[in-house]
Structures are given as C-alpha cells and as structure tokens.
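Structure file final-v4.pdb (PDB, C-alpha atoms and all ligand atoms) is printed below.
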MODEL        1
ATOM      1  CA  MET A1057       0.000   0.000   0.000  1.00  0.00           C
ATOM      2  CA  SER A1058       2.658   2.475   1.055  1.00  0.00           C
ATOM      3  CA  SER A1059       4.870   1.560  -1.922  1.00  0.00           C
ATOM      4  CA  ILE A1060       1.988   2.316  -4.278  1.00  0.00           C
ATOM      5  CA  PHE A1061       1.562   5.656  -2.571  1.00  0.00           C
ATOM      6  CA  LEU A1062       5.279   6.371  -2.866  1.00  0.00           C
ATOM      7  CA  LYS A1063       5.258   5.413  -6.541  1.00  0.00           C
ATOM      8  CA  SER A1064       2.389   7.704  -7.318  1.00  0.00           C
ATOM      9  CA  ALA A1065       4.064  10.503  -5.356  1.00  0.00           C
ATOM     10  CA  LYS A1066       7.233   9.989  -7.422  1.00  0.00           C
ATOM     11  CA  ILE A1067       5.272  10.062 -10.674  1.00  0.00           C
ATOM     12  CA  GLN A1068       3.566  13.186  -9.500  1.00  0.00           C
ATOM     13  CA  LEU A1069       6.890  14.762  -8.632  1.00  0.00           C
ATOM     14  CA  LYS A1070       8.365  13.778 -11.996  1.00  0.00           C
ATOM     15  CA  SER A1071       5.423  15.148 -13.891  1.00  0.00           C
ATOM     16  CA  LYS A1072       5.529  18.334 -11.874  1.00  0.00           C
ATOM     17  CA  THR A1073       9.214  18.943 -12.502  1.00  0.00           C
ATOM     18  CA  PRO A1074       8.766  20.732 -15.835  1.00  0.00           C
ATOM     19  CA  TYR A1075       6.180  23.006 -14.228  1.00  0.00           C
ATOM     20  CA  PHE A1076       8.574  23.821 -11.432  1.00  0.00           C
ATOM     21  CA  ALA A1077      11.301  24.569 -13.988  1.00  0.00           C
ATOM     22  CA  ALA A1078       8.975  26.734 -16.064  1.00  0.00           C
ATOM     23  CA  ASP A1079       7.897  28.482 -12.902  1.00  0.00           C
ATOM     24  CA  SER A1080      11.435  29.258 -11.811  1.00  0.00           C
ATOM     25  CA  ILE A1081      12.348  30.461 -15.308  1.00  0.00           C
ATOM     26  CA  ARG A1082       9.312  32.711 -15.260  1.00  0.00           C
ATOM     27  CA  CYS A1083      10.328  33.850 -11.802  1.00  0.00           C
ATOM     28  CA  MET A1084      13.907  34.555 -12.985  1.00  0.00           C
ATOM     29  CA  ASN A1085      12.563  36.507 -15.943  1.00  0.00           C
ATOM     30  CA  ARG A1086      10.373  38.537 -13.679  1.00  0.00           C
ATOM     31  CA  TYR A1087      13.405  39.146 -11.448  1.00  0.00           C
ATOM     32  CA  LYS A1088      15.462  40.260 -14.449  1.00  0.00           C
ATOM     33  CA  ILE A1089      12.679  42.533 -15.696  1.00  0.00           C
ATOM     34  CA  SER A1090      12.298  44.189 -12.312  1.00  0.00           C
ATOM     35  CA  LEU A1091      16.071  44.617 -12.141  1.00  0.00           C
ATOM     36  CA  SER A1092      16.068  46.339 -15.546  1.00  0.00           C
ATOM     37  CA  ILE A1093      13.203  48.581 -14.466  1.00  0.00           C
ATOM     38  CA  ALA A1094      15.116  49.505 -11.306  1.00  0.00           C
ATOM     39  CA  ALA A1095      18.247  50.253 -13.377  1.00  0.00           C
ATOM     40  CA  LEU A1096      16.266  52.395 -15.810  1.00  0.00           C
ATOM     41  CA  PHE A1097      14.685  54.270 -12.902  1.00  0.00           C
ATOM     42  CA  LEU A1098      18.136  54.935 -11.415  1.00  0.00           C
ATOM     43  CA  ILE A1099      19.421  56.255 -14.758  1.00  0.00           C
ATOM     44  CA  ILE A1100      16.442  58.621 -15.082  1.00  0.00           C
ATOM     45  CA  VAL A1101      16.782  59.842 -11.491  1.00  0.00           C
ATOM     46  CA  SER A1102      20.550  60.375 -11.784  1.00  0.00           C
ATOM     47  CA  ALA A1103      20.038  62.218 -15.088  1.00  0.00           C
ATOM     48  CA  GLY A1104      17.791  64.583 -13.132  1.00  0.00           C
ATOM     49  CA  PHE A1105      20.672  65.352 -10.770  1.00  0.00           C
ATOM     50  CA  ASP A1106      23.220  65.662 -13.527  1.00  0.00           C
ATOM     51  CA  HIS A1107      23.621  69.404 -14.050  1.00  0.00           C
ATOM     52  CA  SER A1108      25.123  69.124 -17.501  1.00  0.00           C
ATOM     53  CA  LEU A1109      22.625  66.621 -18.913  1.00  0.00           C
ATOM     54  CA  SER A1110      25.178  65.425 -21.423  1.00  0.00           C
ATOM     55  CA  GLY A1111      26.865  68.342 -23.128  1.00  0.00           C
ATOM     56  CA  PRO A1112      26.090  71.611 -24.885  1.00  0.00           C
ATOM     57  CA  LEU A1113      23.225  71.815 -27.350  1.00  0.00           C
ATOM     58  CA  LYS A1114      24.258  72.975 -30.791  1.00  0.00           C
ATOM     59  CA  ASP A1115      21.025  73.235 -32.757  1.00  0.00           C
ATOM     60  CA  ARG A1116      19.712  76.664 -33.817  1.00  0.00           C
ATOM     61  CA  GLU A1117      16.412  76.410 -31.962  1.00  0.00           C
ATOM     62  CA  SER A1118      18.014  75.620 -28.582  1.00  0.00           C
ATOM     63  CA  LEU A1119      20.651  78.341 -28.962  1.00  0.00           C
ATOM     64  CA  LYS A1120      17.948  80.839 -29.932  1.00  0.00           C
ATOM     65  CA  ASN A1121      16.010  79.930 -26.775  1.00  0.00           C
ATOM     66  CA  GLY A1122      19.263  80.139 -24.808  1.00  0.00           C
ATOM     67  CA  LEU A1123      19.844  83.656 -26.131  1.00  0.00           C
ATOM     68  CA  LYS A1124      16.262  84.683 -25.229  1.00  0.00           C
ATOM     69  CA  LEU A1125      16.645  83.293 -21.704  1.00  0.00           C
ATOM     70  CA  PHE A1126      19.998  85.037 -21.336  1.00  0.00           C
ATOM     71  CA  LYS A1127      18.523  88.432 -22.284  1.00  0.00           C
ATOM     72  CA  VAL A1128      15.630  88.065 -19.840  1.00  0.00           C
ATOM     73  CA  LYS A1129      17.325  86.352 -16.883  1.00  0.00           C
ATOM     74  CA  CYS A1130      21.050  87.041 -17.028  1.00  0.00           C
ATOM     75  CA  ALA A1131      21.896  90.160 -19.063  1.00  0.00           C
ATOM     76  CA  VAL A1132      21.013  92.496 -16.192  1.00  0.00           C
ATOM     77  CA  CYS A1133      24.052  91.200 -14.282  1.00  0.00           C
ATOM     78  CA  HIS A1134      26.320  89.805 -16.994  1.00  0.00           C
ATOM     79  CA  GLY A1135      25.731  92.427 -19.704  1.00  0.00           C
ATOM     80  CA  ASP A1136      23.727  92.130 -22.902  1.00  0.00           C
ATOM     81  CA  LYS A1137      26.585  90.391 -24.696  1.00  0.00           C
ATOM     82  CA  GLY A1138      28.064  88.646 -21.675  1.00  0.00           C
ATOM     83  CA  GLU A1139      30.726  91.315 -21.302  1.00  0.00           C
ATOM     84  CA  GLY A1140      30.114  91.530 -17.548  1.00  0.00           C
ATOM     85  CA  ASN A1141      28.499  94.031 -15.220  1.00  0.00           C
ATOM     86  CA  ILE A1142      27.688  93.144 -11.595  1.00  0.00           C
ATOM     87  CA  GLY A1143      28.440  89.554 -12.600  1.00  0.00           C
ATOM     88  CA  PRO A1144      31.668  88.449 -14.264  1.00  0.00           C
ATOM     89  CA  ASN A1145      32.575  88.685 -17.933  1.00  0.00           C
ATOM     90  CA  LEU A1146      31.489  85.442 -19.609  1.00  0.00           C
ATOM     91  CA  THR A1147      33.432  85.991 -22.817  1.00  0.00           C
ATOM     92  CA  ASP A1148      37.048  85.868 -21.603  1.00  0.00           C
ATOM     93  CA  ASN A1149      39.190  82.902 -20.596  1.00  0.00           C
ATOM     94  CA  PHE A1150      38.981  83.686 -16.885  1.00  0.00           C
ATOM     95  CA  TRP A1151      36.585  81.624 -14.795  1.00  0.00           C
ATOM     96  CA  ILE A1152      35.805  81.623 -11.077  1.00  0.00           C
ATOM     97  CA  HIS A1153      33.913  78.310 -11.204  1.00  0.00           C
ATOM     98  CA  GLY A1154      35.613  76.615 -14.136  1.00  0.00           C
ATOM     99  CA  PRO A1155      35.389  76.811 -17.924  1.00  0.00           C
ATOM    100  CA  LYS A1156      33.840  73.451 -18.774  1.00  0.00           C
ATOM    101  CA  PHE A1157      30.239  73.045 -19.878  1.00  0.00           C
ATOM    102  CA  GLU A1158      29.522  71.061 -16.698  1.00  0.00           C
ATOM    103  CA  ASP A1159      31.008  73.882 -14.562  1.00  0.00           C
ATOM    104  CA  ILE A1160      28.848  76.477 -16.326  1.00  0.00           C
ATOM    105  CA  SER A1161      25.653  74.389 -16.038  1.00  0.00           C
ATOM    106  CA  LYS A1162      26.369  73.712 -12.388  1.00  0.00           C
ATOM    107  CA  ILE A1163      26.856  77.343 -11.331  1.00  0.00           C
ATOM    108  CA  ILE A1164      23.720  78.338 -13.271  1.00  0.00           C
ATOM    109  CA  SER A1165      21.760  75.586 -11.492  1.00  0.00           C
ATOM    110  CA  ILE A1166      22.960  76.002  -7.924  1.00  0.00           C
ATOM    111  CA  GLY A1167      24.262  79.579  -8.013  1.00  0.00           C
ATOM    112  CA  ASN A1168      26.484  81.207  -5.409  1.00  0.00           C
ATOM    113  CA  VAL A1169      24.027  83.367  -3.529  1.00  0.00           C
ATOM    114  CA  GLY A1170      26.640  84.764  -1.124  1.00  0.00           C
ATOM    115  CA  LYS A1171      28.413  86.329  -4.108  1.00  0.00           C
ATOM    116  CA  GLY A1172      25.267  87.521  -5.874  1.00  0.00           C
ATOM    117  CA  MET A1173      24.662  84.690  -8.354  1.00  0.00           C
ATOM    118  CA  ILE A1174      21.197  83.186  -7.947  1.00  0.00           C
ATOM    119  CA  GLY A1175      20.627  79.491  -8.659  1.00  0.00           C
ATOM    120  CA  PHE A1176      18.115  78.759 -11.392  1.00  0.00           C
ATOM    121  CA  GLU A1177      17.195  75.226 -10.410  1.00  0.00           C
ATOM    122  CA  GLY A1178      13.419  75.252  -9.882  1.00  0.00           C
ATOM    123  CA  LYS A1179      13.098  78.626 -11.650  1.00  0.00           C
ATOM    124  CA  LEU A1180      14.019  77.241 -15.080  1.00  0.00           C
ATOM    125  CA  THR A1181      13.493  73.672 -16.302  1.00  0.00           C
ATOM    126  CA  HIS A1182      16.549  71.442 -16.635  1.00  0.00           C
ATOM    127  CA  PHE A1183      16.294  71.782 -20.380  1.00  0.00           C
ATOM    128  CA  GLU A1184      16.134  75.593 -20.208  1.00  0.00           C
ATOM    129  CA  ILE A1185      19.244  75.566 -17.996  1.00  0.00           C
ATOM    130  CA  ARG A1186      20.952  73.408 -20.606  1.00  0.00           C
ATOM    131  CA  GLU A1187      19.837  75.847 -23.340  1.00  0.00           C
ATOM    132  CA  VAL A1188      21.104  78.957 -21.557  1.00  0.00           C
ATOM    133  CA  ALA A1189      24.329  77.148 -20.521  1.00  0.00           C
ATOM    134  CA  SER A1190      24.866  76.164 -24.177  1.00  0.00           C
ATOM    135  CA  TYR A1191      24.481  79.817 -25.145  1.00  0.00           C
ATOM    136  CA  VAL A1192      26.968  80.900 -22.452  1.00  0.00           C
ATOM    137  CA  TYR A1193      29.332  78.180 -23.690  1.00  0.00           C
ATOM    138  CA  LEU A1194      29.122  79.795 -27.117  1.00  0.00           C
ATOM    139  CA  LEU A1195      29.673  83.298 -25.693  1.00  0.00           C
ATOM    140  CA  ARG A1196      33.210  82.272 -24.700  1.00  0.00           C
ATOM    141  CA  THR A1197      34.186  82.422 -28.341  1.00  0.00           C
ATOM    142  CA  THR A1198      33.001  86.037 -28.778  1.00  0.00           C
ATOM    143  CA  SER A1199      34.806  89.272 -27.996  1.00  0.00           C
ATOM    144  CA  PRO A1200      32.328  92.072 -27.292  1.00  0.00           C
ATOM    145  CA  PRO A1201      33.433  95.673 -26.578  1.00  0.00           C
ATOM    146  CA  ASP A1202      33.656  97.127 -23.039  1.00  0.00           C
ATOM    147  CA  GLN A1203      34.565  93.878 -21.327  1.00  0.00           C
ATOM    148  CA  LYS A1204      34.766  93.821 -17.554  1.00  0.00           C
ATOM    149  CA  LYS A1205      38.222  93.120 -16.145  1.00  0.00           C
ATOM    150  CA  PRO A1206      39.036  89.427 -15.677  1.00  0.00           C
ATOM    151  CA  GLU A1207      38.013  87.567 -12.527  1.00  0.00           C
ATOM    152  CA  GLY A1208      39.065  84.096 -11.431  1.00  0.00           C
ATOM    153  CA  LYS A1209      41.662  81.844 -12.936  1.00  0.00           C
ATOM    154  CA  GLU A1210      42.892  81.936 -16.536  1.00  0.00           C
ATOM    155  CA  TYR A1211      42.316  78.841 -18.667  1.00  0.00           C
ATOM    156  CA  ARG A1212      43.825  78.102 -22.041  1.00  0.00           C
ATOM    157  CA  PRO A1213      41.086  78.443 -24.670  1.00  0.00           C
ATOM    158  CA  ASP A1214      41.693  74.874 -25.865  1.00  0.00           C
ATOM    159  CA  SER A1215      41.393  73.424 -22.339  1.00  0.00           C
ATOM    160  CA  HIS A1216      37.587  73.407 -22.391  1.00  0.00           C
TER     161      HIS A1216
HETATM  162  C1  LIG A1301      21.671  89.162  -9.758  1.00  0.00           C
HETATM  163  C2  LIG A1301      22.789  89.106 -10.655  1.00  0.00           C
HETATM  164  C3  LIG A1301      22.988  87.862 -11.487  1.00  0.00           C
HETATM  165  C4  LIG A1301      22.094  87.247 -12.310  1.00  0.00           C
HETATM  166  C5  LIG A1301      20.631  87.596 -12.565  1.00  0.00           C
HETATM  167  C6  LIG A1301      22.797  86.147 -12.936  1.00  0.00           C
HETATM  168  N1  LIG A1301      24.092  86.112 -12.485  1.00  0.00           N
HETATM  169 FE1  LIG A1301      25.538  84.785 -13.052  1.00  0.00          FE
HETATM  170  N2  LIG A1301      26.792  85.558 -11.666  1.00  0.00           N
HETATM  171  C7  LIG A1301      26.553  86.671 -10.900  1.00  0.00           C
HETATM  172  C8  LIG A1301      27.690  86.894 -10.019  1.00  0.00           C
HETATM  173  C9  LIG A1301      27.825  88.020  -9.012  1.00  0.00           C
HETATM  174  C10 LIG A1301      28.601  85.853 -10.280  1.00  0.00           C
HETATM  175  C11 LIG A1301      29.934  85.587  -9.579  1.00  0.00           C
HETATM  176  C12 LIG A1301      29.702  84.567  -8.499  1.00  0.00           C
HETATM  177  C13 LIG A1301      30.961  84.235  -7.697  1.00  0.00           C
HETATM  178  O1  LIG A1301      31.818  85.107  -7.536  1.00  0.00           O
HETATM  179  O2  LIG A1301      31.033  83.092  -7.242  1.00  0.00           O
HETATM  180  C14 LIG A1301      28.011  85.032 -11.343  1.00  0.00           C
HETATM  181  C15 LIG A1301      28.612  83.920 -11.898  1.00  0.00           C
HETATM  182  C16 LIG A1301      28.162  83.297 -13.027  1.00  0.00           C
HETATM  183  C17 LIG A1301      28.893  82.294 -13.754  1.00  0.00           C
HETATM  184  C18 LIG A1301      30.264  81.761 -13.409  1.00  0.00           C
HETATM  185  C19 LIG A1301      31.316  82.670 -13.984  1.00  0.00           C
HETATM  186  C20 LIG A1301      32.725  82.245 -13.637  1.00  0.00           C
HETATM  187  O3  LIG A1301      33.624  83.086 -13.810  1.00  0.00           O
HETATM  188  O4  LIG A1301      32.951  81.114 -13.226  1.00  0.00           O
HETATM  189  C21 LIG A1301      28.121  81.924 -14.813  1.00  0.00           C
HETATM  190  C22 LIG A1301      28.470  80.904 -15.883  1.00  0.00           C
HETATM  191  C23 LIG A1301      26.898  82.678 -14.730  1.00  0.00           C
HETATM  192  N3  LIG A1301      26.946  83.503 -13.626  1.00  0.00           N
HETATM  193  C24 LIG A1301      25.868  82.566 -15.626  1.00  0.00           C
HETATM  194  C25 LIG A1301      24.623  83.161 -15.427  1.00  0.00           C
HETATM  195  C26 LIG A1301      23.462  82.897 -16.238  1.00  0.00           C
HETATM  196  C27 LIG A1301      23.444  81.979 -17.452  1.00  0.00           C
HETATM  197  C28 LIG A1301      22.444  83.612 -15.728  1.00  0.00           C
HETATM  198  C29 LIG A1301      21.007  83.652 -16.164  1.00  0.00           C
HETATM  199  C30 LIG A1301      20.315  82.378 -16.293  1.00  0.00           C
HETATM  200  C31 LIG A1301      22.965  84.389 -14.606  1.00  0.00           C
HETATM  201  N4  LIG A1301      24.292  84.067 -14.448  1.00  0.00           N
HETATM  202  C32 LIG A1301      22.246  85.278 -13.845  1.00  0.00           C
HETATM  203  C33 LIG A1301      25.422  87.458 -10.939  1.00  0.00           C
HETATM  204  C34 LIG A1301      24.255  87.141 -11.605  1.00  0.00           C
ENDMDL
END

Hey, can you dump this file as structure tokens for me?
Ligand code: HEC
Amino acid sequence: MSSIFLKSAKIQLKSKTPYFAADSIRCMNRYKISLSIAALFLIIVSAGFDHSLSGPLKDRESLKNGLKLFKVKCAVCHGDKGEGNIGPNLTDNFWIHGPKFEDISKIISIGNVGKGMIGFEGKLTHFEIREVASYVYLLRTTSPPDQKKPEGKEYRPDSH
C-alpha cells in the first residue's frame, strides 16, 4: 500500500518537474525585468541630478532659446553680450567656477548666492538651464566691446 503511494508521489513529482522549472524560469525573468526597471529608474533619477545633462546643445532652436533666456534672466548682471556688469565677464578665458560646460551648467543651477549669483534650479526647467548654458558656452568664443576686467583663474582656450 505504502509503496503504491510512494510510486504515485514519485510520478507526481516527476510530472511536476517541468512546471517547477517553467515556474522558476518565469520567476527569474520577472526578477530580471524588475532589475532592468530599477536600473532604468536609477538612470532617469541620476540624469535629473546631472547638471550638464550630457553636453552643450548645438542646434539653432536651442541656442535661440538660450539667447532669449539670457537676455531676460542674465543680461542684467552679466551684460547684454556677456561682457560683464555686476556679474563676471562670460566671454574671456577667466573663470571663477571653471570653464567646462559642466562647470557652467552647475553654477547656473545652484548659483552662489553669497556672491550675488542666484541658482536657477526650480526657476528654469533642466532643459532651459541646458539651453542657456549652451548659449553661455558659445559666448566664450566672442569678444564684445567694453569687457569687464578678468576675474578668477585663466584657462587656455583649448582646455575646455
Ligand atoms: C543678480 C545678478 C545675477 C544674475 C541675474 C545672474 N548672475 Fe551669473 N553671476 C553673478 C555673479 C555676481 C557671479 C559671480 C559669483 C561668484 O563670484 O562666485 C556670477 C557667476 C556666473 C557664472 C560663473 C562665472 C565664472 O567666472 O565662473 C556663470 C556661468 C553665470 N553667472 C551665468 C549666469 C546665467 C546663465 C544667468 C542667467 C540664467 C545668470 N548668471 C544670472 C550674478 C548674476
């Protein structure tokens, strides 16, 4: 009697094995999918904290918007052409916070309130900050009249 029971239990086990396997594969797949979703989420969140958001924009439309934003939000302190006023000259090779695109985006985002530079995070969208930073990045290559005297450290023009 008990051997018959055992046999049937074995058969049952055998026949169930493929289901178990399929189940664990399905479970693994679900695990992998949730891992990928978590990774994707992390990438999106960290992109939100990345001040540069992957480099200067170069298309006409973005630079035009950057110029518009600059005139409205920045020119009062940095001059209409970036030549400097209350804020530093943005067209020379001297930088207080660094010459790289990431440095420029960062100071625009977080500011340096103690020194009179407001942070624009929350006031402009991340994309607008990238647009205006791309415009400032372009201003470095211009040489407007009446430039304010240099402030900060000098960088070689090809170092950024
Ligand atoms: C209320 C005046 C004011 C406004 C408005 C302002 N800035 Fe500034 N900005 C400053 C001052 C002052 C500094 C110097 C801060 C320091 O010494 O750390 C500065 C610094 C900077 C720097 C760093 C320069 C360097 O030498 O490293 C950048 C880039 C910059 N501003 C861009 C902008 C942009 C773009 C806007 C508009 C979206 C803007 N600023 C709006 C006053 C201003």

>> Please find the residues contacting ligand LIG 1301 (chain A) at a distance of at most 8 Å between atoms, with all atoms listed in the file counted, and report them as an MDAnalysis selection string.
In response: chainID A and resid 1125:1126 1128:1134 1142:1146 1150:1155 1159:1161 1163:1164 1167:1176 1185 1188:1189 1192 1207:1208

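Between CA of Glu1187 in chain A and CA of Ile1166 in chain A the interatomic distance comes to 15.7 Å.
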
Enclose all atoms of range 1164-1168 of chain A listed in the file in an axis-aligned box, grow every side by 3 Å, and hand back centre and edge lengths in Å to one decimal, as lines of an AutoDock Vina configuration file.
center_x = 24.1
center_y = 78.4
center_z = -9.3
size_x = 10.7
size_y = 11.6
size_z = 13.9

> Using only C-alpha atoms, can you list as a PyMOL selection string the residues within 8 Å of (30.1, 70.1, -17.3)?
Replying inline: chain A and resi 1107-1108+1110-1111+1156-1162

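The shell of residues at most 6 Å from Thr1147 in chain A, with only C-alpha atoms counted and near chain neighbours (fewer than 4 positions) removed, consists of Leu1195, Arg1196 and Thr1198 of chain A.
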
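Reported to one decimal place, the separation of CA of Gly1140 in chain A from CA of Gln1203 in chain A is 6.3 Å.
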
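Here CA of Pro1201 in chain A stands at a distance of 17.1 Å from CA of Lys1127 in chain A.
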
>> I'd like the contact shell of range 1116-1119 of chain A - 9 Å cut-off, all atoms listed in the file, skipping same-chain residues fewer than 2 positions apart - returned as number ranges by chain.
In response: A: 1113-1114, 1121-1124, 1184, 1186-1188, 1190-1191, 1194

> A:Gly1178, A:Pro1112, A:Asn1149, A:Ala1094: which is nearest Pro1206 in chain A, counting only C-alpha atoms?
Replying inline: A:Asn1149
